[in-house]
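K.L.:
If you scroll down you'll find the structure; I have some questions about it.
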Amino acid sequence: MPTLSSSKPVIVITRGDPAGIGPEITEKALKNRTIRNEADFTVIGEMPASVTMGVVSRESGHIAVRNIEKAVRLLDSIRGRKALVTAPINKQAVKEAGYAFAGHTEMLAAFTGSHNVTMMFSCDHVRLALVTRHIPLAKVAGALTGDAILAATLNLYEALTKRFGIKRPRIGIAGLNPHAGDGGAIGDEERVVIQPAVKKLSSRLKNVIGPYPPDIIMRDLYLKKIDAAVSMYHDQGLPAFKMLYFERGVNVTLGLPFIRTSPDHGTAYAIAGKGCADPLSMIESIRLAIKLAR
């Protein structure tokens, strides 16, 4: 447990699904000397004999959720600089355990009573926020609202200015349809939903651009023409992000009462228990959690 007298940030780590690679990458990451001495760490996790490595089970889902609940209670008791780093969980195992959470983000929102959370991905200078998260593609257009776009963008702006130190960030808001709708020729979500949201944002923030053609927004972000991007749905910006940064990318949850980071990959059941999992994304998640907590 961290000591109250320590001046270092407190980093709470959950080991994730015990049947996946979470326990392995957590152990490997904490052996890294460049991060080990930068914070006080508390690791939360269970490894019962009833769980089989690489196999989805109700028990592993229960354990993963219990660990997150414990972490939230612990973080609530800690005053000062703190952050949560979560190793991957398995959505199917969580579902089999009887929980309706779509993922970590929704689970943490429920456990903390947070009503306005945003999923963001970060690596180097590339930062990407999502308006919708883990929903079927067929439901994306119906789920898009001006309020949702505003909330995601404002959460992103606050993180960029207060946590990442970017004083006047340039934020690109992606369109939903090819070519950002081509003036209404390819769908009207840009005209009806996204443009009015961008107009409202522009009255409060400077340097908000949109609707941005979705097929070039990640290229312009990579080339530093903008400082961050807002995607309308999960697989709009993430394929490009993971192509660039799969080994080092970090998932950040905005809008919680504490910093939360996570590797940008899953439980990798196929290699669980074999000792060959790459801990780099976990290491980067811990590094970023320490940086943001400071």
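Labels for the structure tokens follow display order: chains A, B, ..., residues from 1 in each chain, ligands from 1.
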Residues within 8 Å of Ala272 (chain A), please, as a PyMOL selection string. Count only C-alpha atoms; anything in the same chain fewer than 4 positions from it doesn't count.
P.N.:
chain A and resi 19-21+53-54+267-268+277
K.L.:
Would you return as a count of residues only the members of region 178-250 of chain A that DSSP assigns to strand (DSSP E) on this structure's backbone?
P.N.:
10
K.L.:
As a PyMOL selection string, please: all residues of region 43-247 of chain A that backbone DSSP puts in helix (DSSP H, G or I).
P.N.:
chain A and resi 58-77+91-96+104-112+137-143+146-162+178-184+189-202+214-222+234-245
K.L.:
Could you check the closest approach to Ala151 (chain A) for each of A:Ser281, A:Pro88, A:Val117, A:Lys291 and tell me which residue wins, using only C-alpha atoms?
P.N.:
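Selected residue with least distance to Ala151 (chain A): A:Val117.
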K.L.:
Closest to Leu223 (chain A) among A:Arg79, A:Lys91, A:His125, A:Lys167, using only C-alpha atoms?
P.N.:
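Nearest to Leu223 (chain A): A:His125.
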K.L.:
Go through A:Ile68, A:Ile209, A:Ala141, A:Leu84 and flag the residue nearest Asn177 (chain A), using only C-alpha atoms for the distances.
P.N.:
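So, comparing all the options, the nearest one is A:Ala141.
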